[in-house]
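J.: Below is protein_25.cif; it holds mmCIF, C-alpha atoms and all ligand atoms.
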```
data_query
#
loop_
_atom_site.group_PDB
_atom_site.id
_atom_site.type_symbol
_atom_site.label_atom_id
_atom_site.label_comp_id
_atom_site.auth_asym_id
_atom_site.auth_seq_id
_atom_site.Cartn_x
_atom_site.Cartn_y
_atom_site.Cartn_z
ATOM 1 C CA MET Z 1 274.873 238.163 283.827
ATOM 2 C CA SER Z 2 278.526 237.242 284.267
ATOM 3 C CA THR Z 3 278.833 233.755 282.866
ATOM 4 C CA VAL Z 4 282.153 232.100 282.172
ATOM 5 C CA LEU Z 5 283.011 228.873 280.424
ATOM 6 C CA HIS Z 6 285.919 226.750 281.467
ATOM 7 C CA PRO Z 7 287.124 223.270 280.638
ATOM 8 C CA PHE Z 8 285.418 220.582 282.728
ATOM 9 C CA GLU Z 9 287.824 219.440 285.453
ATOM 10 C CA LEU Z 10 287.360 216.544 287.820
ATOM 11 C CA ARG Z 11 286.617 219.032 290.637
ATOM 12 C CA ASP Z 12 283.445 219.992 288.703
ATOM 13 C CA HIS Z 13 282.146 216.428 288.771
ATOM 14 C CA ALA Z 14 279.918 216.532 291.867
ATOM 15 C CA THR Z 15 278.068 219.703 290.877
ATOM 16 C CA ALA Z 16 277.803 218.641 287.233
ATOM 17 C CA LEU Z 17 276.380 215.267 288.261
ATOM 18 C CA ALA Z 18 273.856 217.022 290.502
ATOM 19 C CA LEU Z 19 272.819 219.180 287.528
ATOM 20 C CA TRP Z 20 272.446 216.140 285.257
ATOM 21 C CA GLN Z 21 270.445 214.319 287.927
ATOM 22 C CA ARG Z 22 267.872 217.117 288.150
ATOM 23 C CA THR Z 23 267.747 217.569 284.354
ATOM 24 C CA GLU Z 24 265.094 215.854 282.265
ATOM 25 C CA GLY Z 25 266.197 213.632 279.410
ATOM 26 C CA MET Z 26 269.567 212.568 280.841
ATOM 27 C CA GLY Z 27 270.556 208.890 280.735
ATOM 28 C CA LEU Z 28 272.869 208.411 283.713
ATOM 29 C CA GLY Z 29 274.635 205.364 285.096
ATOM 30 C CA THR Z 30 277.668 204.104 287.004
ATOM 31 C CA TRP Z 31 279.860 205.469 284.196
ATOM 32 C CA ASP Z 32 278.927 208.961 285.398
ATOM 33 C CA GLU Z 33 280.553 208.506 288.800
ATOM 34 C CA ALA Z 34 283.760 210.362 289.643
ATOM 35 C CA GLU Z 35 286.278 207.653 288.727
ATOM 36 C CA PRO Z 36 285.019 206.858 285.208
ATOM 37 C CA ILE Z 37 284.439 210.544 284.493
ATOM 38 C CA GLY Z 38 288.027 211.188 285.634
ATOM 39 C CA CYS Z 39 289.235 208.547 283.142
ATOM 40 C CA PHE Z 40 287.106 210.121 280.411
ATOM 41 C CA LEU Z 41 288.540 213.587 281.136
ATOM 42 C CA GLU Z 42 292.095 212.220 281.157
ATOM 43 C CA ARG Z 43 291.549 210.602 277.769
ATOM 44 C CA ASN Z 44 289.936 213.767 276.385
ATOM 45 C CA PRO Z 45 291.674 216.721 278.029
ATOM 46 C CA GLY Z 46 290.164 220.154 277.433
ATOM 47 C CA LEU Z 47 287.204 218.946 275.368
ATOM 48 C CA SER Z 48 284.427 219.010 277.966
ATOM 49 C CA VAL Z 49 283.082 222.235 279.397
ATOM 50 C CA VAL Z 50 281.177 223.835 282.241
ATOM 51 C CA ALA Z 51 279.412 227.205 282.483
ATOM 52 C CA GLU Z 52 279.512 229.162 285.727
ATOM 53 C CA ALA Z 53 277.350 232.118 286.742
ATOM 54 C CA HIS Z 54 278.368 234.003 289.878
ATOM 55 C CA GLY Z 55 280.729 231.164 290.726
ATOM 56 C CA ARG Z 56 278.034 228.510 290.491
ATOM 57 C CA LEU Z 57 277.999 225.712 287.902
ATOM 58 C CA VAL Z 58 274.892 226.213 285.723
ATOM 59 C CA GLY Z 59 275.732 224.198 282.621
ATOM 60 C CA ALA Z 60 277.900 221.315 281.528
ATOM 61 C CA ALA Z 61 278.662 219.125 278.542
ATOM 62 C CA LEU Z 62 280.961 216.150 278.118
ATOM 63 C CA CYS Z 63 282.879 215.761 274.884
ATOM 64 C CA GLY Z 64 285.399 213.266 273.654
ATOM 65 C CA HIS Z 65 286.643 211.548 270.513
ATOM 66 C CA ASP Z 66 288.066 208.210 269.508
ATOM 67 C CA GLY Z 67 290.394 209.597 266.831
ATOM 68 C CA ARG Z 68 287.709 209.149 264.176
ATOM 69 C CA ARG Z 69 284.531 210.800 265.426
ATOM 70 C CA GLY Z 70 283.699 213.277 268.162
ATOM 71 C CA PHE Z 71 280.982 212.540 270.693
ATOM 72 C CA LEU Z 72 278.886 214.852 272.851
ATOM 73 C CA TYR Z 73 277.192 213.716 276.056
ATOM 74 C CA HIS Z 74 275.006 215.221 278.768
ATOM 75 C CA ALA Z 75 274.653 218.790 277.473
ATOM 76 C CA ALA Z 76 272.511 220.504 280.086
ATOM 77 C CA VAL Z 77 271.752 224.002 281.344
ATOM 78 C CA ASP Z 78 270.130 224.713 284.690
ATOM 79 C CA ARG Z 79 266.463 225.566 284.158
ATOM 80 C CA ASP Z 80 266.809 229.134 285.515
ATOM 81 C CA PHE Z 81 269.601 229.867 283.047
ATOM 82 C CA ARG Z 82 268.062 228.499 279.851
ATOM 83 C CA GLY Z 83 267.202 230.643 276.851
ATOM 84 C CA GLN Z 84 270.229 232.898 277.310
ATOM 85 C CA GLY Z 85 272.578 231.288 274.829
ATOM 86 C CA LEU Z 86 274.462 229.075 277.274
ATOM 87 C CA GLY Z 87 273.526 225.777 275.619
ATOM 88 C CA ARG Z 88 274.828 227.036 272.294
ATOM 89 C CA LEU Z 89 278.049 228.283 273.925
ATOM 90 C CA LEU Z 90 278.662 224.896 275.570
ATOM 91 C CA VAL Z 91 278.132 223.007 272.321
ATOM 92 C CA GLU Z 92 280.202 225.443 270.248
ATOM 93 C CA PHE Z 93 283.041 225.200 272.779
ATOM 94 C CA CYS Z 94 283.095 221.425 272.315
ATOM 95 C CA LEU Z 95 282.795 221.522 268.529
ATOM 96 C CA ASP Z 96 285.612 224.081 268.293
ATOM 97 C CA ARG Z 97 287.896 221.864 270.409
ATOM 98 C CA LEU Z 98 287.087 218.887 268.146
ATOM 99 C CA ARG Z 99 287.810 220.947 265.030
ATOM 100 C CA GLU Z 100 291.146 222.035 266.498
ATOM 101 C CA ARG Z 101 292.024 218.357 266.850
ATOM 102 C CA GLY Z 102 291.175 217.658 263.229
ATOM 103 C CA LEU Z 103 287.851 215.906 263.774
ATOM 104 C CA THR Z 104 285.318 216.400 260.993
ATOM 105 C CA ARG Z 105 282.135 214.957 262.497
ATOM 106 C CA CYS Z 106 280.520 214.814 265.922
ATOM 107 C CA HIS Z 107 277.838 212.346 266.979
ATOM 108 C CA LEU Z 108 275.491 212.312 269.946
ATOM 109 C CA VAL Z 109 272.823 209.983 271.242
ATOM 110 C CA THR Z 110 269.568 211.268 272.674
ATOM 111 C CA TYR Z 111 266.296 209.687 273.671
ATOM 112 C CA GLN Z 112 263.705 209.438 270.904
ATOM 113 C CA ASP Z 113 261.063 210.999 273.177
ATOM 114 C CA ASN Z 114 263.199 214.025 274.143
ATOM 115 C CA ALA Z 115 261.356 216.309 271.721
ATOM 116 C CA GLU Z 116 262.819 219.543 273.126
ATOM 117 C CA GLY Z 117 266.364 218.201 273.159
ATOM 118 C CA ARG Z 118 265.988 216.943 269.597
ATOM 119 C CA ALA Z 119 264.678 220.335 268.465
ATOM 120 C CA PHE Z 120 267.654 222.024 270.146
ATOM 121 C CA TRP Z 121 270.132 219.760 268.360
ATOM 122 C CA ARG Z 122 268.430 220.263 264.995
ATOM 123 C CA HIS Z 123 268.493 224.031 265.559
ATOM 124 C CA LEU Z 124 272.247 223.807 266.138
ATOM 125 C CA GLY Z 125 272.750 221.969 262.857
ATOM 126 C CA PHE Z 126 272.766 218.331 263.968
ATOM 127 C CA ARG Z 127 271.109 215.997 261.448
ATOM 128 C CA GLU Z 128 268.985 213.171 262.773
ATOM 129 C CA ARG Z 129 270.203 209.922 261.195
ATOM 130 C CA GLY Z 130 266.988 207.993 260.723
ATOM 131 C CA GLU Z 131 268.856 205.422 258.608
ATOM 132 C CA LEU Z 132 271.087 204.442 261.551
ATOM 133 C CA LEU Z 133 270.367 202.438 264.689
ATOM 134 C CA ILE Z 134 272.459 202.416 267.858
ATOM 135 C CA CYS Z 135 273.395 198.910 269.099
ATOM 136 C CA SER Z 136 275.055 198.106 272.435
ATOM 137 C CA HIS Z 137 276.732 195.076 273.975
ATOM 138 C CA ASP Z 138 277.275 194.961 277.739
ATOM 139 C CA LEU Z 139 280.816 193.835 278.527
ATOM 140 C CA THR Z 140 280.302 193.270 282.241
ATOM 141 C CA ALA Z 141 278.373 189.988 282.152
HETATM 142 C C1 LIG Z 201 268.755 221.798 275.500
HETATM 143 C C2 LIG Z 201 269.383 222.830 276.458
HETATM 144 C C3 LIG Z 201 270.830 222.396 276.767
HETATM 145 C C4 LIG Z 201 269.410 224.195 275.741
HETATM 146 O O1 LIG Z 201 270.077 225.123 276.575
HETATM 147 P P1 LIG Z 201 269.774 226.710 276.480
HETATM 148 O O2 LIG Z 201 270.838 227.408 277.227
HETATM 149 O O3 LIG Z 201 268.378 226.996 276.838
HETATM 150 O O4 LIG Z 201 269.948 226.946 274.905
HETATM 151 P P2 LIG Z 201 270.366 228.343 274.213
HETATM 152 O O5 LIG Z 201 269.699 229.466 274.922
HETATM 153 O O6 LIG Z 201 271.833 228.387 274.077
HETATM 154 O O7 LIG Z 201 269.735 228.170 272.781
HETATM 155 C C5 LIG Z 201 270.579 228.123 271.621
HETATM 156 C C6 LIG Z 201 269.708 228.160 270.420
HETATM 157 O O8 LIG Z 201 268.872 226.999 270.386
HETATM 158 C C7 LIG Z 201 267.510 227.372 270.366
HETATM 159 N N1 LIG Z 201 266.811 226.434 271.225
HETATM 160 C C8 LIG Z 201 266.982 226.234 272.536
HETATM 161 N N2 LIG Z 201 266.164 225.262 272.977
HETATM 162 C C9 LIG Z 201 265.463 224.865 271.894
HETATM 163 C C10 LIG Z 201 264.437 223.914 271.688
HETATM 164 N N3 LIG Z 201 263.984 223.148 272.698
HETATM 165 N N4 LIG Z 201 263.926 223.774 270.463
HETATM 166 C C11 LIG Z 201 264.363 224.538 269.420
HETATM 167 N N5 LIG Z 201 265.353 225.451 269.552
HETATM 168 C C12 LIG Z 201 265.878 225.614 270.771
HETATM 169 C C13 LIG Z 201 267.449 228.796 270.913
HETATM 170 O O9 LIG Z 201 266.354 229.491 270.407
HETATM 171 C C14 LIG Z 201 268.771 229.362 270.424
HETATM 172 O O10 LIG Z 201 268.649 229.795 269.114
HETATM 173 P P3 LIG Z 201 269.635 230.954 268.512
HETATM 174 O O11 LIG Z 201 271.012 230.755 269.118
HETATM 175 O O12 LIG Z 201 269.614 230.680 267.048
HETATM 176 O O13 LIG Z 201 269.013 232.238 268.924
HETATM 177 C C15 LIG Z 201 268.548 222.982 277.749
HETATM 178 O O14 LIG Z 201 267.217 223.287 277.410
HETATM 179 C C16 LIG Z 201 268.541 221.733 278.599
HETATM 180 O O15 LIG Z 201 269.399 221.559 279.468
HETATM 181 N N6 LIG Z 201 267.566 220.843 278.352
HETATM 182 C C17 LIG Z 201 267.448 219.602 279.116
HETATM 183 C C18 LIG Z 201 268.579 218.631 278.739
HETATM 184 C C19 LIG Z 201 268.534 218.215 277.300
HETATM 185 O O16 LIG Z 201 267.480 217.927 276.733
HETATM 186 N N7 LIG Z 201 269.740 218.184 276.675
HETATM 187 C C20 LIG Z 201 269.871 217.844 275.269
HETATM 188 C C21 LIG Z 201 269.635 216.414 274.991
HETATM 189 S S1 LIG Z 201 270.838 215.357 275.735
#
```
If you convert what's in this file into structure tokens, what do you get?

T.:
Amino acid sequence: MSTVLHPFELRDHATALALWQRTEGMGLGTWDEAEPIGCFLERNPGLSVVAEAHGRLVGAALCGHDGRRGFLYHAAVDRDFRGQGLGRLLVEFCLDRLRERGLTRCHLVTYQDNAEGRAFWRHLGFRERGELLICSHDLTA
């Protein structure tokens, strides 16, 4: 199979969003629309990635950092293309870009009940941080 990785560009947004929407375990919202994703990509150039097979987008992951920690979001591979190493390639692409920028740790958030996703992350060396709890405050109200 001829699969290529390239940095996620705004032109990839519509097909990446369609992939995320048909992928189990994704938490999507208004922040995944084109404009906020464009802002995210501008703030984090070259860190996010897509995989293409025969010219079609079959995998994507968003990655950024705040100068202190890296963050991974929405890593997904199209069902027909799973189990061929693409998920690992996407994640390693992102981690390599973070390392190049001097980051020493990358976080991600996943749903507690996403057993397969959690097993994937553990397999790739991510430690679950049972001692930590994510807290959020909505700034729109
Ligand atoms: C998780 C996901 C991205 C993996 O993509 P993939 O292309 O099938 O993964 P790969 O083929 O690159 O697998 C990489 C390694 O992880 C292992 N792996 C893959 N899925 C796994 C799982 N569910 N549990 C344990 N290990 C897993 C593979 O055996 C492989 O091991 P190796 O490189 O040591 O041989 C894909 O299954 C997916 O899109 N799932 C739905 C979305 C999701 O849950 N995303 C993560 C949480 S946000």

J.: Quick check on the file I pasted: which residues fall under the PyMOL selection byres (((not hetatm)) within 8 of (chain Z and resi 201))? Write them as JSON, numbers by chain.

T.: {"Z": [20, 23, 24, 25, 26, 59, 73, 74, 75, 76, 77, 78, 79, 81, 82, 83, 84, 85, 86, 87, 88, 89, 90, 109, 110, 111, 114, 115, 116, 117, 118, 119, 120, 121, 122, 123, 124]}

J.: Restricting the calculation to only C-alpha atoms: of Z:Ala18, Z:Leu95, Z:Cys63, Z:Leu132, which residue gets closest to Ala34 of chain Z?

T.: Z:Ala18

J.: Given only C-alpha atoms as the basis, pick out the residue of Z:Glu131, Z:Asp66, Z:Asp80, Z:Glu42 nearest to Glu9 of chain Z.

T.: Z:Glu42

J.: Taking (283.6, 227.2, 286.1) in the file's coordinates, which residues come within 6 Å, counting all atoms listed in the file, written as a ChimeraX atom specification?

T.: /Z:5-6,50-52

J.: Which residue gives the smallest distance to Cys39 of chain Z among Z:Gly55, Z:Gly64, Z:Pro7, Z:Gly27, with only C-alpha atoms counted?

T.: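 Closest residue, counting only C-alpha atoms: Z:Gly64.
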
J.: Z:Gly125, Z:Phe8, Z:Cys106, Z:Glu100: which is nearest Ala61 of chain Z, counting only C-alpha atoms?

T.: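 Ranked by minimum distance to Ala61 of chain Z, first place goes to Z:Phe8.
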